[in-house]
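Data block for data.tsv (TSV, N, CA and C atoms):
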chain	number	residue	atom	x	y	z
A	136	MET	N	0.84	-1.18	0.00
A	136	MET	CA	0.00	0.00	0.00
A	136	MET	C	0.88	1.24	0.00
A	137	THR	N	0.61	2.15	-0.93
A	137	THR	CA	1.36	3.39	-1.03
A	137	THR	C	0.82	4.39	-0.01
A	138	PRO	N	1.70	4.98	0.83
A	138	PRO	CA	1.18	5.97	1.76
A	138	PRO	C	0.66	7.20	1.00
A	139	LEU	N	-0.46	7.72	1.47
A	139	LEU	CA	-1.06	8.89	0.81
A	139	LEU	C	-0.33	10.16	1.24
A	140	PRO	N	-0.22	11.13	0.33
A	140	PRO	CA	0.30	12.43	0.72
A	140	PRO	C	-0.65	13.08	1.74
A	141	PRO	N	-0.22	14.12	2.43
A	141	PRO	CA	-1.13	14.81	3.36
A	141	PRO	C	-2.43	15.22	2.66
A	142	GLY	N	-3.51	15.28	3.42
A	142	GLY	CA	-4.83	15.55	2.88
A	142	GLY	C	-4.97	16.87	2.14
A	143	GLN	N	-4.18	17.87	2.50
A	143	GLN	CA	-4.27	19.17	1.83
A	143	GLN	C	-3.52	19.21	0.51
A	144	THR	N	-2.86	18.11	0.16
A	144	THR	CA	-2.13	18.03	-1.10
A	144	THR	C	-3.11	17.96	-2.27
A	145	PRO	N	-2.93	18.80	-3.29
A	145	PRO	CA	-3.81	18.72	-4.46
A	145	PRO	C	-3.73	17.34	-5.11
A	146	LEU	N	-4.84	16.92	-5.71
A	146	LEU	CA	-4.87	15.62	-6.36
A	146	LEU	C	-3.81	15.49	-7.45
A	147	ASN	N	-3.47	16.61	-8.11
A	147	ASN	CA	-2.48	16.53	-9.18
A	147	ASN	C	-1.07	16.31	-8.66
A	148	ARG	N	-0.90	16.31	-7.35
A	148	ARG	CA	0.40	16.00	-6.73
A	148	ARG	C	0.44	14.56	-6.21
A	149	HIS	N	-0.62	13.81	-6.44
A	149	HIS	CA	-0.69	12.41	-6.06
A	149	HIS	C	-0.27	11.55	-7.26
A	150	SER	N	0.37	10.45	-6.97
A	150	SER	CA	0.65	9.48	-8.04
A	150	SER	C	-0.66	8.76	-8.38
A	151	LEU	N	-0.70	8.15	-9.53
A	151	LEU	CA	-1.89	7.37	-9.91
A	151	LEU	C	-2.12	6.27	-8.88
A	152	ARG	N	-1.07	5.64	-8.43
A	152	ARG	CA	-1.18	4.57	-7.44
A	152	ARG	C	-1.79	5.09	-6.14
A	153	SER	N	-1.39	6.28	-5.69
A	153	SER	CA	-1.96	6.81	-4.45
A	153	SER	C	-3.42	7.23	-4.64
A	154	LEU	N	-3.78	7.72	-5.83
A	154	LEU	CA	-5.20	8.02	-6.11
A	154	LEU	C	-6.02	6.75	-6.05
A	155	GLU	N	-5.49	5.68	-6.61
A	155	GLU	CA	-6.20	4.40	-6.58
A	155	GLU	C	-6.33	3.89	-5.15
A	156	GLU	N	-5.29	4.02	-4.35
A	156	GLU	CA	-5.34	3.60	-2.94
A	156	GLU	C	-6.36	4.43	-2.17
A	157	TRP	N	-6.44	5.72	-2.47
A	157	TRP	CA	-7.42	6.60	-1.82
A	157	TRP	C	-8.83	6.13	-2.13
A	158	LEU	N	-9.11	5.86	-3.41
A	158	LEU	CA	-10.44	5.41	-3.80
A	158	LEU	C	-10.76	4.06	-3.16
A	159	LYS	N	-9.80	3.15	-3.13
A	159	LYS	CA	-10.01	1.86	-2.46
A	159	LYS	C	-10.31	2.07	-0.98
A	160	GLY	N	-9.60	3.00	-0.35
A	160	GLY	CA	-9.81	3.30	1.06
A	160	GLY	C	-11.20	3.84	1.34
A	161	LEU	N	-11.77	4.53	0.36
A	161	LEU	CA	-13.15	5.03	0.49
A	161	LEU	C	-14.16	3.90	0.35
A	162	GLY	N	-13.71	2.77	-0.19
A	162	GLY	CA	-14.62	1.65	-0.44
A	162	GLY	C	-15.07	1.55	-1.88
A	163	ALA	N	-14.48	2.37	-2.76
A	163	ALA	CA	-14.82	2.31	-4.18
A	163	ALA	C	-14.16	1.09	-4.82
A	164	VAL	N	-14.80	0.60	-5.86
A	164	VAL	CA	-14.31	-0.58	-6.58
A	164	VAL	C	-14.08	-0.21	-8.04
A	165	ARG	N	-12.88	-0.53	-8.54
A	165	ARG	CA	-12.57	-0.24	-9.94
A	165	ARG	C	-13.35	-1.20	-10.84
A	166	MET	N	-13.89	-0.66	-11.91
A	166	MET	CA	-14.64	-1.47	-12.87
A	166	MET	C	-13.65	-2.18	-13.79
A	167	GLU	N	-13.82	-3.47	-13.94
A	167	GLU	CA	-12.90	-4.25	-14.78
A	167	GLU	C	-12.97	-3.83	-16.24
A	168	SER	N	-14.13	-3.39	-16.69
A	168	SER	CA	-14.31	-3.02	-18.10
A	168	SER	C	-13.65	-1.68	-18.44
A	169	ASP	N	-13.37	-0.85	-17.43
A	169	ASP	CA	-12.79	0.47	-17.66
A	169	ASP	C	-11.95	0.84	-16.44
A	170	PRO	N	-10.62	0.79	-16.52
A	170	PRO	CA	-9.78	1.03	-15.36
A	170	PRO	C	-9.84	2.47	-14.83
A	171	CYS	N	-10.43	3.38	-15.58
A	171	CYS	CA	-10.57	4.77	-15.12
A	171	CYS	C	-11.88	5.00	-14.37
A	172	LEU	N	-12.74	4.00	-14.33
A	172	LEU	CA	-14.07	4.15	-13.73
A	172	LEU	C	-14.16	3.33	-12.44
A	173	TRP	N	-14.68	3.97	-11.41
A	173	TRP	CA	-14.83	3.35	-10.10
A	173	TRP	C	-16.28	3.47	-9.66
A	174	HIS	N	-16.77	2.48	-8.93
A	174	HIS	CA	-18.13	2.49	-8.38
A	174	HIS	C	-18.02	2.60	-6.87
A	175	TRP	N	-18.81	3.51	-6.30
A	175	TRP	CA	-18.77	3.75	-4.86
A	175	TRP	C	-20.20	3.66	-4.32
A	176	GLN	N	-20.46	2.66	-3.54
A	176	GLN	CA	-21.80	2.42	-2.99
A	176	GLN	C	-21.88	2.95	-1.56
A	177	GLN	N	-22.90	3.75	-1.29
A	177	GLN	CA	-23.18	4.27	0.04
A	177	GLN	C	-24.59	3.83	0.43
A	178	PRO	N	-24.96	3.96	1.71
A	178	PRO	CA	-26.28	3.47	2.13
A	178	PRO	C	-27.46	4.11	1.38
A	179	THR	N	-27.39	5.40	1.07
A	179	THR	CA	-28.54	6.06	0.45
A	179	THR	C	-28.31	6.50	-0.98
A	180	TRP	N	-27.11	6.32	-1.51
A	180	TRP	CA	-26.80	6.68	-2.88
A	180	TRP	C	-25.59	5.91	-3.36
A	181	SER	N	-25.35	5.95	-4.67
A	181	SER	CA	-24.15	5.37	-5.25
A	181	SER	C	-23.51	6.42	-6.16
A	182	ALA	N	-22.26	6.20	-6.49
A	182	ALA	CA	-21.56	7.15	-7.36
A	182	ALA	C	-20.63	6.40	-8.31
A	183	GLN	N	-20.51	6.96	-9.49
A	183	GLN	CA	-19.50	6.53	-10.45
A	183	GLN	C	-18.42	7.61	-10.43
A	184	ILE	N	-17.19	7.21	-10.24
A	184	ILE	CA	-16.06	8.15	-10.18
A	184	ILE	C	-15.16	7.84	-11.37
A	185	ARG	N	-14.95	8.85	-12.20
A	185	ARG	CA	-14.11	8.67	-13.39
A	185	ARG	C	-12.86	9.53	-13.25
A	186	LEU	N	-11.71	8.88	-13.40
A	186	LEU	CA	-10.44	9.59	-13.42
A	186	LEU	C	-10.18	10.04	-14.86
A	187	ASP	N	-10.67	11.22	-15.21
A	187	ASP	CA	-10.48	11.77	-16.55
A	187	ASP	C	-9.13	12.46	-16.63
A	188	GLN	N	-8.76	12.86	-17.82
A	188	GLN	CA	-7.47	13.51	-18.03
A	188	GLN	C	-7.42	14.88	-17.35
A	189	GLU	N	-8.49	15.64	-17.42
A	189	GLU	CA	-8.50	17.01	-16.90
A	189	GLU	C	-9.04	17.15	-15.49
A	190	ASP	N	-9.93	16.23	-15.09
A	190	ASP	CA	-10.55	16.36	-13.77
A	190	ASP	C	-11.12	15.03	-13.32
A	191	LEU	N	-11.59	15.02	-12.09
A	191	LEU	CA	-12.25	13.85	-11.51
A	191	LEU	C	-13.75	14.08	-11.66
A	192	LEU	N	-14.42	13.19	-12.33
A	192	LEU	CA	-15.84	13.35	-12.63
A	192	LEU	C	-16.64	12.39	-11.75
A	193	VAL	N	-17.60	12.92	-11.01
A	193	VAL	CA	-18.42	12.11	-10.12
A	193	VAL	C	-19.87	12.22	-10.55
A	194	THR	N	-20.51	11.08	-10.72
A	194	THR	CA	-21.94	11.02	-11.03
A	194	THR	C	-22.62	10.25	-9.92
A	195	TRP	N	-23.46	10.94	-9.16
A	195	TRP	CA	-24.20	10.33	-8.07
A	195	TRP	C	-25.56	9.86	-8.57
A	196	GLU	N	-26.04	8.76	-8.04
A	196	GLU	CA	-27.38	8.29	-8.34
A	196	GLU	C	-28.10	8.02	-7.03
A	197	GLN	N	-29.33	8.55	-6.95
A	197	GLN	CA	-30.14	8.37	-5.75
A	197	GLN	C	-31.60	8.35	-6.17
A	198	THR	N	-32.29	7.28	-5.82
A	198	THR	CA	-33.72	7.10	-6.13
A	198	THR	C	-34.07	7.49	-7.57
A	199	GLY	N	-33.27	6.99	-8.51
A	199	GLY	CA	-33.56	7.23	-9.91
A	199	GLY	C	-33.12	8.57	-10.45
A	200	MET	N	-32.61	9.43	-9.63
A	200	MET	CA	-32.13	10.75	-10.06
A	200	MET	C	-30.61	10.73	-10.11
A	201	ALA	N	-30.03	11.42	-11.08
A	201	ALA	CA	-28.58	11.49	-11.21
A	201	ALA	C	-28.13	12.94	-11.20
A	202	SER	N	-27.00	13.18	-10.58
A	202	SER	CA	-26.37	14.49	-10.63
A	202	SER	C	-24.88	14.29	-10.83
A	203	GLN	N	-24.25	15.25	-11.49
A	203	GLN	CA	-22.86	15.10	-11.88
A	203	GLN	C	-22.08	16.35	-11.54
A	204	ARG	N	-20.82	16.15	-11.16
A	204	ARG	CA	-19.94	17.28	-10.87
A	204	ARG	C	-18.52	16.88	-11.19
A	205	SER	N	-17.75	17.83	-11.68
A	205	SER	CA	-16.33	17.56	-11.93
A	205	SER	C	-15.50	18.36	-10.94
A	206	PHE	N	-14.39	17.76	-10.55
A	206	PHE	CA	-13.48	18.36	-9.58
A	206	PHE	C	-12.10	18.46	-10.22
A	207	PRO	N	-11.57	19.68	-10.36
A	207	PRO	CA	-10.22	19.83	-10.93
A	207	PRO	C	-9.19	19.15	-10.03
A	208	TYR	N	-8.17	18.60	-10.65
A	208	TYR	CA	-7.13	17.93	-9.90
A	208	TYR	C	-6.31	18.90	-9.04
A	209	GLY	N	-6.50	20.20	-9.21
A	209	GLY	CA	-5.81	21.19	-8.40
A	209	GLY	C	-6.39	21.33	-7.00
A	210	LEU	N	-7.57	20.73	-6.76
A	210	LEU	CA	-8.18	20.78	-5.43
A	210	LEU	C	-7.53	19.76	-4.51
A	211	SER	N	-7.57	20.03	-3.22
A	211	SER	CA	-6.98	19.10	-2.26
A	211	SER	C	-7.82	17.83	-2.15
A	212	ARG	N	-7.16	16.75	-1.76
A	212	ARG	CA	-7.85	15.48	-1.61
A	212	ARG	C	-8.94	15.58	-0.55
A	213	LEU	N	-8.67	16.27	0.56
A	213	LEU	CA	-9.68	16.41	1.61
A	213	LEU	C	-10.90	17.18	1.14
A	214	ASP	N	-10.70	18.23	0.36
A	214	ASP	CA	-11.83	19.01	-0.15
A	214	ASP	C	-12.68	18.18	-1.12
A	215	VAL	N	-12.01	17.44	-2.00
A	215	VAL	CA	-12.75	16.62	-2.96
A	215	VAL	C	-13.48	15.50	-2.23
A	216	GLU	N	-12.81	14.88	-1.27
A	216	GLU	CA	-13.46	13.80	-0.52
A	216	GLU	C	-14.68	14.31	0.24
A	217	ALA	N	-14.58	15.48	0.86
A	217	ALA	CA	-15.72	16.04	1.60
A	217	ALA	C	-16.89	16.31	0.65
A	218	ALA	N	-16.61	16.84	-0.52
A	218	ALA	CA	-17.67	17.11	-1.49
A	218	ALA	C	-18.28	15.80	-2.00
A	219	MET	N	-17.46	14.80	-2.23
A	219	MET	CA	-17.97	13.52	-2.70
A	219	MET	C	-18.84	12.86	-1.64
A	220	ARG	N	-18.40	12.89	-0.38
A	220	ARG	CA	-19.15	12.28	0.71
A	220	ARG	C	-20.49	12.97	0.96
A	221	ALA	N	-20.56	14.27	0.62
A	221	ALA	CA	-21.81	15.01	0.80
A	221	ALA	C	-22.90	14.44	-0.10
A	222	GLY	N	-22.48	13.78	-1.17
A	222	GLY	CA	-23.45	13.12	-2.04
A	222	GLY	C	-24.20	14.09	-2.94
A	223	PRO	N	-25.26	13.56	-3.54
A	223	PRO	CA	-26.01	14.36	-4.51
A	223	PRO	C	-26.75	15.52	-3.87

Show the structure stored in the file as structure tokens.
Amino acid sequence: MTPLPPGQTPLNRHSLRSLEEWLKGLGAVRMESDPCLWHWQQPTWSAQIRLDQEDLLVTWEQTGMASQRSFPYGLSRLDVEAAMRAGP
């Protein structure tokens, strides 16, 4: 397991391996059909997390409704995680 940089470190300062470890630590599962796509299941909603070239794209689904937001890699890991955990 690769140790994660401090939480205030922007995502663009993380290695790909540490980003993957972070997502695994959240409980997200990488999709075998697309290594850039992760599924994150929570009690009241689920999310698809895509590691795109320019940003991290999150699509939340809850009771048949979907909402989407992109997060620039210049944001800190803690800020992105807090926004992702807030859900749709």

Problem - Residues within 6 Å of stretch 160-171 of chain A, all atoms listed in the file, excluding chain neighbours under 4 positions, as a VMD selection string - result: chain A and resid 155 to 156 175 to 176 184 to 186

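Nearest-residue note for A:Tyr208: choosing from A:Leu191, A:Leu158, A:Ala221, A:Leu139, the minimum distance belongs to A:Leu191, counting only C-alpha atoms.
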
Exercise for the section: Find the distance between atom CA of A:Gln143 and atom C of A:Leu172 and write it in Å to one decimal. Expected result: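 Interatomic distance, atom CA of A:Gln143 to atom C of A:Leu172: 23.5 Å.
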
Practice task
Take the point (-17.7, 18.1, -11.7) in the file's coordinates, draw a sphere of radius 9 Å around it, and report as a PyMOL selection string every protein, DNA or RNA residue with an atom inside or on it, counting only C-alpha atoms.
Solution key: chain A and resi 190-194+203-207

Exercise for the section: Please report, as a list of chain:residue names, each residue of stretch 154-220 of chain A to which DSSP assigns helix (DSSP H, G or I) when run on this structure's backbone. Expected result: A:Leu154, A:Glu155, A:Glu156, A:Trp157, A:Leu158, A:Lys159, A:Gly160, A:Leu161, A:Arg212, A:Leu213, A:Asp214, A:Val215, A:Glu216, A:Ala217, A:Ala218, A:Met219, A:Arg220

With N, CA and C atoms retained, export the selected residues as an mmCIF file, in the coordinates of the input.
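Wrote it out as result.cif, contents follow:
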data_model
loop_
_atom_site.group_PDB
_atom_site.id
_atom_site.type_symbol
_atom_site.label_atom_id
_atom_site.label_comp_id
_atom_site.auth_asym_id
_atom_site.auth_seq_id
_atom_site.Cartn_x
_atom_site.Cartn_y
_atom_site.Cartn_z
ATOM 1 N N LEU A 154 -3.780 7.720 -5.830
ATOM 2 C CA LEU A 154 -5.200 8.020 -6.110
ATOM 3 C C LEU A 154 -6.020 6.750 -6.050
ATOM 4 N N GLU A 155 -5.490 5.680 -6.610
ATOM 5 C CA GLU A 155 -6.200 4.400 -6.580
ATOM 6 C C GLU A 155 -6.330 3.890 -5.150
ATOM 7 N N GLU A 156 -5.290 4.020 -4.350
ATOM 8 C CA GLU A 156 -5.340 3.600 -2.940
ATOM 9 C C GLU A 156 -6.360 4.430 -2.170
ATOM 10 N N TRP A 157 -6.440 5.720 -2.470
ATOM 11 C CA TRP A 157 -7.420 6.600 -1.820
ATOM 12 C C TRP A 157 -8.830 6.130 -2.130
ATOM 13 N N LEU A 158 -9.110 5.860 -3.410
ATOM 14 C CA LEU A 158 -10.440 5.410 -3.800
ATOM 15 C C LEU A 158 -10.760 4.060 -3.160
ATOM 16 N N LYS A 159 -9.800 3.150 -3.130
ATOM 17 C CA LYS A 159 -10.010 1.860 -2.460
ATOM 18 C C LYS A 159 -10.310 2.070 -0.980
ATOM 19 N N GLY A 160 -9.600 3.000 -0.350
ATOM 20 C CA GLY A 160 -9.810 3.300 1.060
ATOM 21 C C GLY A 160 -11.200 3.840 1.340
ATOM 22 N N LEU A 161 -11.770 4.530 0.360
ATOM 23 C CA LEU A 161 -13.150 5.030 0.490
ATOM 24 C C LEU A 161 -14.160 3.900 0.350
ATOM 25 N N ARG A 212 -7.160 16.750 -1.760
ATOM 26 C CA ARG A 212 -7.850 15.480 -1.610
ATOM 27 C C ARG A 212 -8.940 15.580 -0.550
ATOM 28 N N LEU A 213 -8.670 16.270 0.560
ATOM 29 C CA LEU A 213 -9.680 16.410 1.610
ATOM 30 C C LEU A 213 -10.900 17.180 1.140
ATOM 31 N N ASP A 214 -10.700 18.230 0.360
ATOM 32 C CA ASP A 214 -11.830 19.010 -0.150
ATOM 33 C C ASP A 214 -12.680 18.180 -1.120
ATOM 34 N N VAL A 215 -12.010 17.440 -2.000
ATOM 35 C CA VAL A 215 -12.750 16.620 -2.960
ATOM 36 C C VAL A 215 -13.480 15.500 -2.230
ATOM 37 N N GLU A 216 -12.810 14.880 -1.270
ATOM 38 C CA GLU A 216 -13.460 13.800 -0.520
ATOM 39 C C GLU A 216 -14.680 14.310 0.240
ATOM 40 N N ALA A 217 -14.580 15.480 0.860
ATOM 41 C CA ALA A 217 -15.720 16.040 1.600
ATOM 42 C C ALA A 217 -16.890 16.310 0.650
ATOM 43 N N ALA A 218 -16.610 16.840 -0.520
ATOM 44 C CA ALA A 218 -17.670 17.110 -1.490
ATOM 45 C C ALA A 218 -18.280 15.800 -2.000
ATOM 46 N N MET A 219 -17.460 14.800 -2.230
ATOM 47 C CA MET A 219 -17.970 13.520 -2.700
ATOM 48 C C MET A 219 -18.840 12.860 -1.640
ATOM 49 N N ARG A 220 -18.400 12.890 -0.380
ATOM 50 C CA ARG A 220 -19.150 12.280 0.710
ATOM 51 C C ARG A 220 -20.490 12.970 0.960
#

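The spacing separating atom C of A:Gly222 from atom CA of A:Gln177 amounts to 10.3 Å.
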
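Checking A:Leu154, A:Pro145, A:Glu216, A:Gly209 one by one against A:Glu189, counting only N, CA and C atoms, you find the shortest gap at A:Gly209.
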
Practice task
Figure out the distance between atom C of A:Pro223 and atom N of A:Ser211, please, to one decimal in Å.
Solution key: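 Answer for the atom N of A:Ser211 to atom C of A:Pro223 separation: 19.7 Å.
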
Handout entry: Shortest interatomic distance to A:Leu146 - which of A:Met200, A:Leu210, A:Gln188, A:Trp173, counting only N, CA and C atoms
Key = A:Leu210
